[in-house]
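Novice: Dropping a structure here in structure tokens format, bear with me for questions.
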Amino acid sequence: MDEILVMLSYGPLGWGDEILKGTMMTVGLALASLPIGFALGLLLALAKRSSEPNLRSAANIYTTLFRGLPELLTLFLVYYGGQMLVQRVVGLFGVEHFEVNAFFAGMIALSLVFSSYASEAFLSAFKGIPRGQYEGAYALGISRVKTFFLVILPQLIRLALPALGNLWLILLKETSLVSIIGLADLIRYSNTAARVTKEPFLFFSVACAIYLVLAVVSSYGLSHVEGWAKRGERSK
């Protein structure tokens, strides 16, 4: 027992500080990917509802592509493919070497996947808003832009919150994939500690416990957010 406590402690003899750094990196990556994926998902949903057929087709192709590809493959395409593309562009300006940051590549890849699923959540939420909401706002002389931001968007977020909450939990778990491209997240530090100490069960169990704690805290927070968003509804 004492040996386990030493391995999980902070300082040169333990791996506690590395595990904490990896946890912070995991949470930071998820939080950085969330707003980008959220915004892209909303734009995709608007594109799918557009009267322009080319815009609808492009949005449908986007969501089909990133929902159909494995997340790991998407990560590889963004990290390695993006690096090759950027290298060719900067090569035109005389730059011989350019390396894509692993955190940035992971954020973009996870945002692309998140947005493809979030667009469907927003699209379903749009169907739950009565047409009379739009007509009433237009009758009052409110412009289309103000109608969307002041009338439609608050209801849209409230209706999409349960689905978006589930997507957040999935996003939090999918951050573990970035360890493959060298980002020092929770899984990478746990794997390194397991190899050095020859105690894979201990450190992977600790990683499991941390992910479960993050999921429980997220679920608790999301339930409060949903309750706050529904505060104006009448009890039945």
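FYI, nothing fancy with the structure tokens labels: chains A, B, ... in order, residues from 1 per chain, ligands from 1 as they appear.
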Show which residues sit within 12 Å of A:Leu167, as a PyMOL selection string. Count only C-alpha atoms, and ignore same-chain residues fewer than 2 positions away.
Specialist: chain A and resi 30+33-34+37-38+41+110-111+113-121+160-165+169-174+215+218-219+222
Novice: Give me the residues near A:Ala109 as a PyMOL selection string, where near means some atom within 6 Å (using only C-alpha atoms) and where sequence neighbours in that chain fewer than 3 positions away do not count.
Specialist: chain A and resi 75+106+112
Novice: Write out as a VMD selection string the set of residues from stretch 83-236 of chain A that DSSP, computed on the backbone, places in helix (DSSP H, G or I).
Specialist: chain A and resid 83 to 91 102 to 127 131 to 139 144 to 181 186 to 197 200 to 229
Novice: Taking 6 positions as the minimum chain separation for residues in the same chain, which residues sit within 8 Å of A:Arg188 when counting only C-alpha atoms? Answer as a PDB file with C-alpha atoms, in the first residue's frame.
Specialist:
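As a result, around.pdb now contains:
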ATOM      1  CA  GLY A  22      -2.470  15.228 -18.100  1.00  0.00           C
ATOM      2  CA  SER A 179      -2.174  10.794 -27.022  1.00  0.00           C
ATOM      3  CA  ILE A 180      -1.394   8.957 -30.269  1.00  0.00           C
ATOM      4  CA  GLY A 182       2.139  13.009 -28.941  1.00  0.00           C
TER       5      GLY A 182
END
Novice: Of the candidates A:Ala58, A:Leu123, A:Ile187, A:Ala229, which shows the shortest atom-to-atom distance to A:Ser205, using only C-alpha atoms?
Specialist: A:Ile187
Novice: If we count only C-alpha atoms, what is near A:Lys21 at a cut-off of 9 Å, once residues fewer than 6 positions away on the same chain are taken out, given as JSON, numbers by chain?
Specialist: {"A": [184, 185, 186, 189]}
Novice: Keeping only N, CA and C atoms, write the selected residues to a file as a short mmCIF file (atom, residue, chain, number, x, y, z; two decimals), in the first residue's frame.
Specialist:
data_model
loop_
_atom_site.label_atom_id
_atom_site.label_comp_id
_atom_site.auth_asym_id
_atom_site.auth_seq_id
_atom_site.Cartn_x
_atom_site.Cartn_y
_atom_site.Cartn_z
N ALA A 184 0.58 15.41 -24.49
CA ALA A 184 0.74 14.88 -23.13
C ALA A 184 -0.55 15.01 -22.34
N ASP A 185 -1.50 14.16 -22.65
CA ASP A 185 -2.78 14.19 -21.94
C ASP A 185 -2.79 13.12 -20.86
N LEU A 186 -3.94 12.88 -20.28
CA LEU A 186 -4.06 11.93 -19.18
C LEU A 186 -3.66 10.52 -19.60
N TYR A 189 0.29 10.22 -20.16
CA TYR A 189 1.04 10.17 -18.90
C TYR A 189 0.78 8.86 -18.17
#
Novice: For the atom pair atom CA of A:Arg195 and atom CA of A:Met24, what is the interatomic distance in Å to one decimal place?
Specialist: 21.4 Å
